[in-house]
Each structure stands twice: as C-alpha cells, then as structure tokens.
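Okay, structure_7.txt now, which holds compact mmCIF, C-alpha atoms:
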```txt
# COMPACT_ATOMS: atom_id res chain seq x y z
CA LEU L 44 21.83 -2.07 -18.90
CA VAL L 45 21.01 0.31 -16.03
CA GLY L 46 22.19 -2.31 -13.54
CA ARG L 47 25.57 -2.45 -15.28
CA LEU L 48 25.92 1.31 -15.33
CA ALA L 49 24.70 2.10 -11.81
CA THR L 50 27.02 2.93 -8.95
CA LEU L 51 24.34 2.54 -6.28
CA HIS L 52 21.60 -0.09 -6.20
CA PHE L 53 18.54 0.30 -3.98
CA ALA L 54 16.89 -3.09 -3.55
CA PRO L 55 13.36 -3.24 -2.11
CA THR L 56 14.00 -6.58 -0.39
CA ALA L 57 16.88 -8.76 0.76
CA LYS L 58 15.96 -11.28 -1.95
CA ASN L 59 16.26 -8.55 -4.59
CA ALA L 60 19.72 -7.74 -3.23
CA GLU L 61 20.68 -11.43 -3.46
CA ASN L 62 19.58 -11.46 -7.09
CA LEU L 63 21.77 -8.44 -7.85
CA ARG L 64 24.77 -10.09 -6.21
CA ALA L 65 24.09 -13.28 -8.18
CA GLU L 66 24.23 -11.18 -11.36
CA ALA L 67 27.62 -9.88 -10.21
CA VAL L 68 26.63 -6.24 -10.52
CA THR L 69 29.22 -3.68 -9.53
CA GLY L 70 28.53 -0.90 -7.08
CA ASP L 71 27.00 -0.77 -3.62
CA ILE L 72 23.71 -2.49 -2.82
CA PHE L 73 21.36 -1.12 -0.16
CA VAL L 74 18.15 -2.83 1.01
CA THR L 75 15.68 0.02 1.46
CA GLY L 76 12.13 -1.22 0.99
CA ASN L 77 9.92 -0.17 -1.90
CA THR L 78 9.21 3.53 -2.40
CA VAL L 79 5.61 2.74 -3.36
CA ILE L 80 4.92 2.00 0.31
CA ASP L 81 6.21 5.49 1.16
CA ALA L 82 3.94 6.98 -1.51
CA MET L 83 0.88 5.35 0.01
CA LYS L 84 1.15 7.62 3.04
CA TYR L 85 0.11 10.40 0.68
CA THR L 86 -2.23 8.58 -1.71
CA VAL L 87 -4.34 7.00 1.03
CA GLY L 88 -4.36 10.04 3.30
CA ASP L 89 -7.57 11.29 4.92
CA GLY L 90 -9.40 12.32 1.76
CA GLY L 91 -12.42 10.76 0.12
CA PHE L 92 -12.90 9.19 -3.29
CA ALA L 93 -12.77 11.08 -6.56
CA SER L 94 -14.76 8.33 -8.29
CA SER L 95 -18.52 8.87 -8.10
CA GLU L 96 -18.95 5.09 -8.40
CA LEU L 97 -16.90 4.51 -5.25
CA LYS L 98 -18.86 7.18 -3.40
CA SER L 99 -21.99 5.08 -3.90
CA ILE L 100 -20.55 1.93 -2.27
CA ASP L 101 -21.71 1.06 1.26
CA PHE L 102 -18.42 0.75 3.12
CA SER L 103 -20.20 -0.03 6.37
CA LYS L 104 -20.33 -3.56 4.91
CA ARG L 105 -17.32 -5.76 4.28
CA VAL L 106 -15.90 -4.90 0.87
CA ILE L 107 -13.73 -7.09 -1.34
CA ALA L 108 -11.54 -5.08 -3.70
CA MET L 109 -10.89 -7.06 -6.86
CA THR L 110 -8.82 -6.79 -10.03
CA CYS L 111 -8.40 -9.25 -12.88
CA HIS L 112 -6.81 -8.41 -16.20
CA ARG L 113 -3.67 -10.46 -16.94
CA ARG L 114 -3.36 -11.91 -20.42
CA GLU L 115 -2.15 -15.19 -18.95
CA ASN L 116 -5.62 -15.48 -17.40
CA TYR L 117 -7.52 -14.92 -20.64
CA GLY L 118 -9.87 -17.77 -21.53
CA GLU L 119 -10.59 -20.62 -19.14
CA PRO L 120 -8.65 -19.22 -16.13
CA MET L 121 -10.58 -15.95 -16.26
CA LYS L 122 -13.88 -17.78 -16.58
CA ASN L 123 -12.94 -19.86 -13.53
CA ILE L 124 -12.09 -16.71 -11.59
CA PHE L 125 -15.31 -14.93 -12.47
CA SER L 126 -17.39 -18.06 -11.84
CA ALA L 127 -15.79 -18.34 -8.39
CA VAL L 128 -16.38 -14.67 -7.60
CA ARG L 129 -20.01 -15.07 -8.68
CA THR L 130 -20.42 -17.94 -6.21
CA VAL L 131 -18.75 -15.92 -3.44
CA ALA L 132 -21.13 -13.02 -4.12
CA LEU L 133 -24.19 -15.27 -4.07
CA THR L 134 -23.20 -17.16 -0.91
CA HIS L 135 -22.17 -13.99 0.95
CA PRO L 136 -24.91 -11.46 0.13
CA ASP L 137 -23.73 -9.26 3.03
CA VAL L 138 -20.39 -8.64 1.24
CA GLU L 139 -19.85 -6.00 -1.45
CA ILE L 140 -17.40 -6.81 -4.26
CA VAL L 141 -15.90 -3.82 -6.07
CA TYR L 142 -14.18 -4.56 -9.36
CA PRO L 143 -12.67 -1.75 -11.48
CA VAL L 144 -12.86 -3.50 -14.84
CA HIS L 145 -9.92 -3.32 -17.24
CA LEU L 146 -10.67 -1.71 -20.61
CA SER L 147 -9.77 -4.87 -22.54
CA PRO L 148 -12.85 -6.11 -24.46
CA VAL L 149 -11.89 -9.68 -23.52
CA VAL L 150 -11.94 -8.84 -19.82
CA ARG L 151 -15.11 -6.76 -20.04
CA GLY L 152 -16.96 -9.41 -21.99
CA ALA L 153 -16.16 -12.15 -19.49
CA ALA L 154 -16.83 -9.91 -16.49
CA ASN L 155 -20.25 -8.94 -17.80
CA GLU L 156 -21.11 -12.55 -18.64
CA TYR L 157 -20.51 -13.79 -15.10
CA LEU L 158 -20.83 -10.79 -12.81
CA ALA L 159 -23.29 -8.31 -14.28
CA ASN L 160 -26.67 -7.87 -12.58
CA LEU L 161 -25.52 -9.20 -9.21
CA PRO L 162 -26.67 -6.69 -6.57
CA ASN L 163 -23.52 -6.91 -4.47
CA VAL L 164 -21.00 -6.88 -7.33
CA HIS L 165 -20.02 -3.45 -8.61
CA LEU L 166 -18.36 -3.41 -12.03
CA ILE L 167 -16.91 0.08 -12.16
CA GLU L 168 -14.57 2.01 -14.42
CA PRO L 169 -10.78 1.80 -13.90
CA LEU L 170 -9.41 3.88 -11.02
CA ASP L 171 -6.38 6.09 -10.67
CA ALA L 172 -3.74 5.13 -8.09
CA MET L 173 -5.14 7.37 -5.37
CA ASP L 174 -8.67 5.97 -5.53
CA MET L 175 -7.37 2.40 -5.89
CA HIS L 176 -5.24 2.78 -2.78
CA ARG L 177 -8.15 4.29 -0.87
CA LEU L 178 -10.44 1.50 -2.04
CA MET L 179 -8.00 -1.10 -0.72
CA SER L 180 -7.64 0.80 2.54
CA ALA L 181 -11.41 0.77 3.03
CA SER L 182 -11.76 -2.90 2.05
CA TYR L 183 -11.84 -6.07 4.10
CA MET L 184 -9.67 -8.10 1.72
CA VAL L 185 -8.30 -8.10 -1.82
CA MET L 186 -8.53 -10.58 -4.70
CA THR L 187 -6.21 -9.80 -7.60
CA ASP L 188 -3.95 -10.96 -10.40
CA SER L 189 -2.08 -7.64 -10.29
CA GLY L 190 1.57 -7.41 -9.33
CA GLY L 191 1.81 -4.07 -7.57
CA ILE L 192 -1.24 -4.67 -5.42
CA GLN L 193 0.54 -7.66 -3.85
CA GLU L 194 3.03 -5.15 -2.43
CA GLU L 195 0.60 -2.35 -1.65
CA ALA L 196 -2.37 -4.03 0.05
CA PRO L 197 -0.34 -5.77 2.80
CA SER L 198 0.97 -2.37 3.95
CA LEU L 199 -2.67 -1.58 4.74
CA GLY L 200 -3.18 -4.82 6.66
CA LYS L 201 -5.37 -6.35 3.94
CA PRO L 202 -5.07 -10.08 3.12
CA VAL L 203 -4.53 -10.72 -0.59
CA LEU L 204 -5.61 -13.75 -2.61
CA VAL L 205 -3.48 -13.92 -5.76
CA LEU L 206 -5.52 -15.18 -8.72
CA ARG L 207 -2.59 -16.59 -10.65
CA ARG L 208 -0.61 -19.82 -10.91
CA GLU L 209 2.65 -18.02 -10.06
CA THR L 210 3.86 -14.69 -8.75
CA GLU L 211 6.93 -12.49 -9.09
CA ARG L 212 6.47 -11.56 -5.42
CA PRO L 213 7.68 -14.73 -3.64
CA GLU L 214 8.67 -12.66 -0.60
CA ALA L 215 5.01 -11.80 0.00
CA VAL L 216 4.01 -15.48 -0.12
CA ALA L 217 6.84 -16.40 2.26
CA ALA L 218 5.90 -13.57 4.64
CA GLY L 219 2.27 -14.69 4.67
CA THR L 220 0.84 -11.36 3.49
CA VAL L 221 -0.55 -12.93 0.31
CA LYS L 222 -1.74 -16.40 -0.64
CA LEU L 223 -1.13 -17.81 -4.11
CA THR L 224 -4.64 -19.17 -4.58
CA GLY L 225 -4.39 -19.90 -8.30
CA VAL L 226 -7.12 -19.97 -10.93
CA ASP L 227 -9.05 -23.10 -9.98
CA ARG L 228 -12.67 -22.24 -9.20
CA ASP L 229 -12.94 -24.39 -6.10
CA ASP L 230 -9.64 -23.14 -4.66
CA ILE L 231 -10.72 -19.52 -5.04
CA ILE L 232 -14.07 -20.17 -3.37
CA ARG L 233 -12.39 -22.10 -0.54
CA ASP L 234 -9.84 -19.38 0.25
CA ALA L 235 -12.36 -16.54 -0.05
CA ASP L 236 -14.79 -18.35 2.24
CA GLU L 237 -12.04 -18.95 4.79
CA LEU L 238 -11.00 -15.29 4.84
CA LEU L 239 -14.62 -14.18 5.11
CA THR L 240 -15.01 -16.18 8.32
CA GLY L 241 -12.51 -13.77 9.88
CA GLY L 242 -10.69 -16.63 11.58
CA GLU L 243 -7.06 -17.59 12.00
CA MET L 244 -6.15 -17.30 8.32
CA TYR L 245 -7.48 -13.74 8.13
CA GLN L 246 -5.79 -12.63 11.32
CA SER L 247 -2.48 -14.20 10.33
CA MET L 248 -2.43 -12.53 6.90
CA ALA L 249 -3.69 -9.16 8.13
CA HIS L 250 -0.99 -8.91 10.80
CA ALA L 251 1.95 -10.35 8.84
CA VAL L 252 4.88 -7.97 8.29
CA ASN L 253 4.97 -6.55 4.77
CA PRO L 254 8.34 -7.59 3.25
CA TYR L 255 8.27 -4.61 0.88
CA GLY L 256 9.00 -2.02 3.51
CA ASP L 257 7.86 0.17 6.34
CA GLY L 258 7.32 3.44 4.49
CA HIS L 259 10.84 4.81 5.03
CA ALA L 260 12.54 3.68 1.82
CA CYS L 261 13.03 7.24 0.54
CA GLU L 262 14.81 8.25 3.73
CA ARG L 263 17.15 5.27 3.46
CA ILE L 264 17.87 6.06 -0.19
CA ALA L 265 18.61 9.70 0.61
CA ASP L 266 20.86 8.69 3.50
CA ALA L 267 22.74 6.20 1.32
CA ILE L 268 23.30 8.77 -1.41
CA GLU L 269 24.55 11.31 1.12
CA PHE L 270 26.83 8.73 2.73
CA SER L 271 28.22 7.55 -0.62
CA PHE L 272 28.95 10.93 -2.14
```
Target format structure tokens, applied to this file:
Amino acid sequence: LVGRLATLHFAPTAKNAENLRAEAVTGDIFVTGNTVIDAMKYTVGDGGFASSELKSIDFSKRVIAMTCHRRENYGEPMKNIFSAVRTVALTHPDVEIVYPVHLSPVVRGAANEYLANLPNVHLIEPLDAMDMHRLMSASYMVMTDSGGIQEEAPSLGKPVLVLRRETERPEAVAAGTVKLTGVDRDDIIRDADELLTGGEMYQSMAHAVNPYGDGHACERIADAIEFSF
C-alpha cells in the first residue's frame, strides 16, 4: 500500500530498485544504501558495554557472536545448529562463543541442552541494539539466523555464516560478505573451522564490499528529497 502511495522510493540496493520497477510502482526510485549502516556509526561508537555479562567476556580472545531464534529452525534444524556449535566450542577451546539467547522457551530449552556448562560458551540475556552492534564489532566472526545482522555485521568487516536454508539477503551472498551455510551439522562445523583458520575464506569475506551501503544513505535521501521538492 505504501509503495503505491509513495512519490519517492529509497531502495537500499540496486536489486531492491529492480524489484520496485518490476512491480511497476510509480514515482522516482533512488538507490541509497540502508540507513541502518548509517546508524551503526553511532551505536558502535567508542563506548563500552551496558550489559554486565558482556563486560565479563575476555575479548583478547577470538569471539564468535551468535544468534539463533527463527521459528523455521525449531526442532531438528536448531538441534543440528546447537550440536555443531558445541563441537566448534570443544574443538576450539581458545575461542569464546557469545550467544544472547532468545526468550522463547523452545530456544532456551534447546540451547541449555546442548550448550550449557561449556566454559567457552556464554549463554547471556538478549541485548539491545547498541550492545549487539558493539558485540559484533568486537567479535572475530558471526554465526546467525537473523536477517538484520546479515546487513550489519559486514559493515564491520565481520564474516557471517547464515544458519538457514535460504536468505532474504541474496545481495550479501553474491557480494561474498555472508555465506549461506545452512542447518546441516557437518556443514556448519566445516565452515566455522575454515573461518577460524583465518585463511583465504576469512580474508575474502572480511574485506568484501557490503552491498547494503557505505554509511551515507541518510545524506543521499536528504539530497534526493531536496532535489525532488
């Protein structure tokens, strides 16, 4: 409905703009990048963590920031994910895994079954956006089934393993900033191990250009509005 009513359309990516044109929307379309990348200049900043749990993590070690909560992963996929993460933790005792656990009882039950009582896995309470962004900034890599994180983490130069069978962020996969690892236990272990070697795969993903913008989307939007009106 909004797309039909709008006079100006601000598309985060060229692919988003193509989709709008394919829908035959009226009005002008501008490719600007995603404003969330702009916001991260302020959320990451130079400050510390608000979370007392994050303050206790040893960030002198390599840290994996993790999320897992999607309903599509409930059941066997989530068990596979947590089983894989358990193996990664046990085979890489020098790595710290920080997982803000979703409040869903299903997620918490599975997380505790597989990941509780491991010394280098930290099951912490959910974080606000500022602490989550700062956690990713301080991390070595990210493992997630979240959508937004696939856009945010690459702007920080952090490789992302997507713990899903599909993603709504195909631009990130094409750009090489994320890898669609899936929910198979062996695939997750393989990709995590490869990134933890710090080799070619890590370097390629960490230095790929984030397709969701350069942090100047708001300026482009403001300029387009001024130009149009």
Distance of atom CA of Pro120 of chain L from atom CA of Ala108 of chain L, expressed in Å to one decimal place: 19.0 Å
Residue among L:Pro55, L:Val149, L:Glu61, L:Thr240 lying closest to Glu119 of chain L, counting only C-alpha atoms: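 Of the candidates, the smallest distance to Glu119 of chain L is held by L:Val149.
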Counting only C-alpha atoms, give me one row per residue of segment 192-253 of chain L with an atom at most 9 Å from an atom of segment 163-184 of chain L, showing the shortest contact pair and its distance in Å to one decimal, sorted by chain then residue number, as a Markdown table.
```
| residue | atom | partner | partner_atom | distance |
| --- | --- | --- | --- | --- |
| L:Ile192 | CA | L:His176 | CA | 8.9 |
| L:Glu195 | CA | L:His176 | CA | 7.9 |
| L:Ala196 | CA | L:Met179 | CA | 6.4 |
| L:Leu199 | CA | L:Ser180 | CA | 5.9 |
| L:Gly200 | CA | L:Ser180 | CA | 8.3 |
| L:Lys201 | CA | L:Met184 | CA | 5.1 |
| L:Pro202 | CA | L:Met184 | CA | 5.2 |
| L:Val203 | CA | L:Met184 | CA | 6.2 |
| L:Leu204 | CA | L:Met184 | CA | 8.2 |
| L:Leu238 | CA | L:Met184 | CA | 7.9 |
| L:Leu239 | CA | L:Met184 | CA | 8.5 |
| L:Tyr245 | CA | L:Met184 | CA | 8.8 |
| L:Ala249 | CA | L:Met184 | CA | 8.8 |
```
Go ahead and save the picked residues with C-alpha atoms, as a short mmCIF file (atom, residue, chain, number, x, y, z; two decimals), keeping the file's coordinate frame.
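Output file selection.cif follows:
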```cif
data_model
loop_
_atom_site.label_atom_id
_atom_site.label_comp_id
_atom_site.auth_asym_id
_atom_site.auth_seq_id
_atom_site.Cartn_x
_atom_site.Cartn_y
_atom_site.Cartn_z
CA ILE L 192 -1.24 -4.67 -5.42
CA GLU L 195 0.60 -2.35 -1.65
CA ALA L 196 -2.37 -4.03 0.05
CA LEU L 199 -2.67 -1.58 4.74
CA GLY L 200 -3.18 -4.82 6.66
CA LYS L 201 -5.37 -6.35 3.94
CA PRO L 202 -5.07 -10.08 3.12
CA VAL L 203 -4.53 -10.72 -0.59
CA LEU L 204 -5.61 -13.75 -2.61
CA LEU L 238 -11.00 -15.29 4.84
CA LEU L 239 -14.62 -14.18 5.11
CA TYR L 245 -7.48 -13.74 8.13
CA ALA L 249 -3.69 -9.16 8.13
#
```
Which of L:Gly258, L:Met109, L:Met186, L:Ala267 sits closest to Asp234 of chain L [using all atoms listed in the file]: L:Met186
Distance query Gly191 of chain L at most 12 Å, only C-alpha atoms, self and fewer than 5 positions along chain excluded, as JSON, numbers by chain: {"L": [77, 78, 79, 80, 110, 172, 175, 176, 196, 197, 198, 203, 205, 210, 211, 212, 215, 255]}
Residues as selected, C-alpha atoms, written as a PDB file, in the coordinates of the input, can you do that?
```
ATOM      1  CA  ASN L  77       9.920  -0.170  -1.900  1.00  0.00           C
ATOM      2  CA  THR L  78       9.210   3.530  -2.400  1.00  0.00           C
ATOM      3  CA  VAL L  79       5.610   2.740  -3.360  1.00  0.00           C
ATOM      4  CA  ILE L  80       4.920   2.000   0.310  1.00  0.00           C
ATOM      5  CA  THR L 110      -8.820  -6.790 -10.030  1.00  0.00           C
ATOM      6  CA  ALA L 172      -3.740   5.130  -8.090  1.00  0.00           C
ATOM      7  CA  MET L 175      -7.370   2.400  -5.890  1.00  0.00           C
ATOM      8  CA  HIS L 176      -5.240   2.780  -2.780  1.00  0.00           C
ATOM      9  CA  ALA L 196      -2.370  -4.030   0.050  1.00  0.00           C
ATOM     10  CA  PRO L 197      -0.340  -5.770   2.800  1.00  0.00           C
ATOM     11  CA  SER L 198       0.970  -2.370   3.950  1.00  0.00           C
ATOM     12  CA  VAL L 203      -4.530 -10.720  -0.590  1.00  0.00           C
ATOM     13  CA  VAL L 205      -3.480 -13.920  -5.760  1.00  0.00           C
ATOM     14  CA  THR L 210       3.860 -14.690  -8.750  1.00  0.00           C
ATOM     15  CA  GLU L 211       6.930 -12.490  -9.090  1.00  0.00           C
ATOM     16  CA  ARG L 212       6.470 -11.560  -5.420  1.00  0.00           C
ATOM     17  CA  ALA L 215       5.010 -11.800   0.000  1.00  0.00           C
ATOM     18  CA  TYR L 255       8.270  -4.610   0.880  1.00  0.00           C
TER      19      TYR L 255
END
```
Residue nearest Glu115 of chain L - candidates L:Asn160, L:Ser271, L:Ser247, L:Ser189, atoms counted: only C-alpha atoms: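 Among L:Asn160, L:Ser271, L:Ser247, L:Ser189, it is L:Ser189 that comes nearest to Glu115 of chain L.
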Computed interatomic separation between atom CA of Phe53 of chain L and atom CA of Arg207 of chain L (Å):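 Atom CA of Arg207 of chain L lies at a distance of 27.9 Å from atom CA of Phe53 of chain L.
Residues with any atom within 7 Å of Phe125 of chain L, counting all atoms listed in the file and excluding same-chain neighbours fewer than 5 positions away, are Ala154, Tyr157 and Leu158 of chain L.
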Who sits within 12 Å of Thr134 of chain L, only C-alpha atoms, same chain under 3 positions skipped, as a count of residues only: 15
Atomic distance atom CA of Phe272 of chain L - atom CA of Thr69 of chain L, expressed in Å with one decimal: 16.4 Å
Who sits within 12 Å of Val74 of chain L, only C-alpha atoms, same chain under 4 positions skipped, as a ChimeraX atom specification: /L:51-63,78,254-257,259-264,267
